[in-house]
Amino acid sequence: IRNEPASDHQTWRHLSAQAFQTPYAELERIVEAADPGKDLRRWVDLGCAYGRLGIVLSRLRPTAEFFGIEVSVLRVEEAKRVYAKLGLVPAALRVGDLTRE
């Protein structure tokens, strides 16, 4: 880490990318809490990163439809590669910037 002048804003450069990913066990708890009756059919993840929620849903709610939007082209490309390998629908993942109209 470089020594930088003190400022009044916080940066996140010292953290690894994994620090920002919700663990699979937590994603499972989120699905169970959001859908205890197991009847939600459509799930949308804004800022889906690698689409890990879709992977969890494919196991816990196999009839649910998942759609993920992520700003990073590289993350979406990697997620689509993994989805194809797992037999999931890569088209469920799209590149999009939610800050733009």
# chains A, B, ... in the order shown; residues from 1 in each chain; ligands from 1

call {"tool": "residues_around", "arguments": {"residues": "A:Asp97", "least_positions_apart": "5", "cutoff": "12 Å", "atoms": "only C-alpha atoms", "output": "JSON, numbers by chain"}}
result
{"A": [46, 47, 48, 68, 69, 70, 71, 72, 73]}

call {"tool": "residues_around", "arguments": {"residues": "stretch 52-57 of chain A", "least_positions_apart": "2", "cutoff": "12 Å", "atoms": "only C-alpha atoms", "output": "number ranges by chain"}}
result
A: 21-32, 34-35, 38, 40-50, 59-70, 75-76, 78-80, 82-93

call {"tool": "select_by_dssp", "arguments": {"residues": "chain A", "states": "strand (DSSP E)", "output": "number ranges by chain"}}
result
A: 42-46, 65-70, 93-95

call {"tool": "decode", "arguments": {"residues": "stretch 26-55 of chain A", "atoms": "N, CA, C and O atoms", "output": "PDB file, in the first residue's frame"}}
result
ATOM      1  N   GLU A  26     -24.193 -17.173   2.697  1.00  0.00           N
ATOM      2  CA  GLU A  26     -25.006 -15.974   2.942  1.00  0.00           C
ATOM      3  C   GLU A  26     -26.040 -15.791   1.831  1.00  0.00           C
ATOM      4  O   GLU A  26     -27.183 -15.416   2.082  1.00  0.00           O
ATOM      5  N   LEU A  27     -25.646 -16.071   0.584  1.00  0.00           N
ATOM      6  CA  LEU A  27     -26.603 -15.995  -0.519  1.00  0.00           C
ATOM      7  C   LEU A  27     -27.747 -16.984  -0.297  1.00  0.00           C
ATOM      8  O   LEU A  27     -28.913 -16.667  -0.552  1.00  0.00           O
ATOM      9  N   GLU A  28     -27.431 -18.162   0.198  1.00  0.00           N
ATOM     10  CA  GLU A  28     -28.472 -19.154   0.497  1.00  0.00           C
ATOM     11  C   GLU A  28     -29.417 -18.631   1.577  1.00  0.00           C
ATOM     12  O   GLU A  28     -30.641 -18.751   1.452  1.00  0.00           O
ATOM     13  N   ARG A  29     -28.870 -18.015   2.613  1.00  0.00           N
ATOM     14  CA  ARG A  29     -29.723 -17.442   3.674  1.00  0.00           C
ATOM     15  C   ARG A  29     -30.604 -16.323   3.121  1.00  0.00           C
ATOM     16  O   ARG A  29     -31.770 -16.198   3.492  1.00  0.00           O
ATOM     17  N   ILE A  30     -30.063 -15.526   2.222  1.00  0.00           N
ATOM     18  CA  ILE A  30     -30.836 -14.434   1.614  1.00  0.00           C
ATOM     19  C   ILE A  30     -32.007 -15.003   0.817  1.00  0.00           C
ATOM     20  O   ILE A  30     -33.134 -14.520   0.913  1.00  0.00           O
ATOM     21  N   VAL A  31     -31.741 -16.032   0.020  1.00  0.00           N
ATOM     22  CA  VAL A  31     -32.805 -16.653  -0.781  1.00  0.00           C
ATOM     23  C   VAL A  31     -33.890 -17.210   0.135  1.00  0.00           C
ATOM     24  O   VAL A  31     -35.090 -16.986  -0.088  1.00  0.00           O
ATOM     25  N   GLU A  32     -33.497 -17.917   1.173  1.00  0.00           N
ATOM     26  CA  GLU A  32     -34.477 -18.499   2.092  1.00  0.00           C
ATOM     27  C   GLU A  32     -35.296 -17.417   2.795  1.00  0.00           C
ATOM     28  O   GLU A  32     -36.512 -17.561   2.964  1.00  0.00           O
ATOM     29  N   ALA A  33     -34.654 -16.326   3.195  1.00  0.00           N
ATOM     30  CA  ALA A  33     -35.357 -15.244   3.884  1.00  0.00           C
ATOM     31  C   ALA A  33     -36.295 -14.484   2.945  1.00  0.00           C
ATOM     32  O   ALA A  33     -37.399 -14.100   3.333  1.00  0.00           O
ATOM     33  N   ALA A  34     -35.864 -14.282   1.703  1.00  0.00           N
ATOM     34  CA  ALA A  34     -36.665 -13.526   0.735  1.00  0.00           C
ATOM     35  C   ALA A  34     -37.814 -14.343   0.170  1.00  0.00           C
ATOM     36  O   ALA A  34     -38.825 -13.794  -0.260  1.00  0.00           O
ATOM     37  N   ASP A  35     -37.661 -15.660   0.182  1.00  0.00           N
ATOM     38  CA  ASP A  35     -38.632 -16.530  -0.485  1.00  0.00           C
ATOM     39  C   ASP A  35     -38.926 -17.784   0.349  1.00  0.00           C
ATOM     40  O   ASP A  35     -38.706 -18.897  -0.101  1.00  0.00           O
ATOM     41  N   PRO A  36     -39.446 -17.604   1.567  1.00  0.00           N
ATOM     42  CA  PRO A  36     -39.669 -18.784   2.412  1.00  0.00           C
ATOM     43  C   PRO A  36     -40.709 -19.751   1.846  1.00  0.00           C
ATOM     44  O   PRO A  36     -40.641 -20.949   2.084  1.00  0.00           O
ATOM     45  N   GLY A  37     -41.677 -19.251   1.075  1.00  0.00           N
ATOM     46  CA  GLY A  37     -42.707 -20.109   0.495  1.00  0.00           C
ATOM     47  C   GLY A  37     -42.298 -20.758  -0.802  1.00  0.00           C
ATOM     48  O   GLY A  37     -43.050 -21.522  -1.387  1.00  0.00           O
ATOM     49  N   LYS A  38     -41.105 -20.435  -1.271  1.00  0.00           N
ATOM     50  CA  LYS A  38     -40.558 -20.986  -2.509  1.00  0.00           C
ATOM     51  C   LYS A  38     -41.436 -20.727  -3.730  1.00  0.00           C
ATOM     52  O   LYS A  38     -41.561 -21.557  -4.612  1.00  0.00           O
ATOM     53  N   ASP A  39     -42.041 -19.529  -3.771  1.00  0.00           N
ATOM     54  CA  ASP A  39     -42.916 -19.258  -4.910  1.00  0.00           C
ATOM     55  C   ASP A  39     -42.531 -18.020  -5.722  1.00  0.00           C
ATOM     56  O   ASP A  39     -43.252 -17.657  -6.638  1.00  0.00           O
ATOM     57  N   LEU A  40     -41.395 -17.390  -5.409  1.00  0.00           N
ATOM     58  CA  LEU A  40     -40.945 -16.292  -6.265  1.00  0.00           C
ATOM     59  C   LEU A  40     -40.433 -16.878  -7.571  1.00  0.00           C
ATOM     60  O   LEU A  40     -39.635 -17.802  -7.579  1.00  0.00           O
ATOM     61  N   ARG A  41     -40.899 -16.351  -8.670  1.00  0.00           N
ATOM     62  CA  ARG A  41     -40.536 -16.903  -9.980  1.00  0.00           C
ATOM     63  C   ARG A  41     -39.425 -16.127 -10.670  1.00  0.00           C
ATOM     64  O   ARG A  41     -38.672 -16.684 -11.446  1.00  0.00           O
ATOM     65  N   ARG A  42     -39.331 -14.832 -10.413  1.00  0.00           N
ATOM     66  CA  ARG A  42     -38.371 -14.004 -11.136  1.00  0.00           C
ATOM     67  C   ARG A  42     -37.485 -13.261 -10.137  1.00  0.00           C
ATOM     68  O   ARG A  42     -37.978 -12.591  -9.248  1.00  0.00           O
ATOM     69  N   TRP A  43     -36.180 -13.418 -10.316  1.00  0.00           N
ATOM     70  CA  TRP A  43     -35.199 -12.760  -9.452  1.00  0.00           C
ATOM     71  C   TRP A  43     -34.309 -11.876 -10.317  1.00  0.00           C
ATOM     72  O   TRP A  43     -33.842 -12.299 -11.368  1.00  0.00           O
ATOM     73  N   VAL A  44     -34.051 -10.648  -9.864  1.00  0.00           N
ATOM     74  CA  VAL A  44     -33.183  -9.720 -10.580  1.00  0.00           C
ATOM     75  C   VAL A  44     -32.081  -9.271  -9.621  1.00  0.00           C
ATOM     76  O   VAL A  44     -32.362  -8.881  -8.487  1.00  0.00           O
ATOM     77  N   ASP A  45     -30.846  -9.342 -10.075  1.00  0.00           N
ATOM     78  CA  ASP A  45     -29.700  -8.932  -9.274  1.00  0.00           C
ATOM     79  C   ASP A  45     -29.013  -7.776  -9.985  1.00  0.00           C
ATOM     80  O   ASP A  45     -28.411  -7.954 -11.039  1.00  0.00           O
ATOM     81  N   LEU A  46     -29.132  -6.582  -9.417  1.00  0.00           N
ATOM     82  CA  LEU A  46     -28.519  -5.383  -9.988  1.00  0.00           C
ATOM     83  C   LEU A  46     -27.124  -5.235  -9.399  1.00  0.00           C
ATOM     84  O   LEU A  46     -26.977  -5.083  -8.194  1.00  0.00           O
ATOM     85  N   GLY A  47     -26.132  -5.320 -10.245  1.00  0.00           N
ATOM     86  CA  GLY A  47     -24.750  -5.335  -9.772  1.00  0.00           C
ATOM     87  C   GLY A  47     -24.372  -6.757  -9.400  1.00  0.00           C
ATOM     88  O   GLY A  47     -23.836  -7.036  -8.340  1.00  0.00           O
ATOM     89  N   CYS A  48     -24.657  -7.680 -10.301  1.00  0.00           N
ATOM     90  CA  CYS A  48     -24.560  -9.120 -10.015  1.00  0.00           C
ATOM     91  C   CYS A  48     -23.140  -9.664  -9.989  1.00  0.00           C
ATOM     92  O   CYS A  48     -22.947 -10.825  -9.628  1.00  0.00           O
ATOM     93  N   ALA A  49     -22.150  -8.860 -10.379  1.00  0.00           N
ATOM     94  CA  ALA A  49     -20.748  -9.310 -10.409  1.00  0.00           C
ATOM     95  C   ALA A  49     -20.623 -10.577 -11.254  1.00  0.00           C
ATOM     96  O   ALA A  49     -20.843 -10.526 -12.442  1.00  0.00           O
ATOM     97  N   TYR A  50     -20.335 -11.708 -10.624  1.00  0.00           N
ATOM     98  CA  TYR A  50     -20.134 -12.963 -11.354  1.00  0.00           C
ATOM     99  C   TYR A  50     -21.396 -13.825 -11.407  1.00  0.00           C
ATOM    100  O   TYR A  50     -21.333 -14.987 -11.775  1.00  0.00           O
ATOM    101  N   GLY A  51     -22.542 -13.254 -11.023  1.00  0.00           N
ATOM    102  CA  GLY A  51     -23.806 -13.979 -11.125  1.00  0.00           C
ATOM    103  C   GLY A  51     -23.959 -15.113 -10.121  1.00  0.00           C
ATOM    104  O   GLY A  51     -24.692 -16.061 -10.359  1.00  0.00           O
ATOM    105  N   ARG A  52     -23.283 -15.005  -8.991  1.00  0.00           N
ATOM    106  CA  ARG A  52     -23.308 -16.090  -8.019  1.00  0.00           C
ATOM    107  C   ARG A  52     -24.693 -16.336  -7.429  1.00  0.00           C
ATOM    108  O   ARG A  52     -25.031 -17.470  -7.119  1.00  0.00           O
ATOM    109  N   LEU A  53     -25.514 -15.282  -7.326  1.00  0.00           N
ATOM    110  CA  LEU A  53     -26.883 -15.496  -6.852  1.00  0.00           C
ATOM    111  C   LEU A  53     -27.632 -16.420  -7.808  1.00  0.00           C
ATOM    112  O   LEU A  53     -28.390 -17.292  -7.375  1.00  0.00           O
ATOM    113  N   GLY A  54     -27.421 -16.272  -9.087  1.00  0.00           N
ATOM    114  CA  GLY A  54     -28.059 -17.144 -10.070  1.00  0.00           C
ATOM    115  C   GLY A  54     -27.633 -18.593  -9.913  1.00  0.00           C
ATOM    116  O   GLY A  54     -28.434 -19.514 -10.106  1.00  0.00           O
ATOM    117  N   ILE A  55     -26.384 -18.812  -9.559  1.00  0.00           N
ATOM    118  CA  ILE A  55     -25.901 -20.176  -9.323  1.00  0.00           C
ATOM    119  C   ILE A  55     -26.596 -20.779  -8.110  1.00  0.00           C
ATOM    120  O   ILE A  55     -27.060 -21.916  -8.142  1.00  0.00           O
TER     121      ILE A  55
END
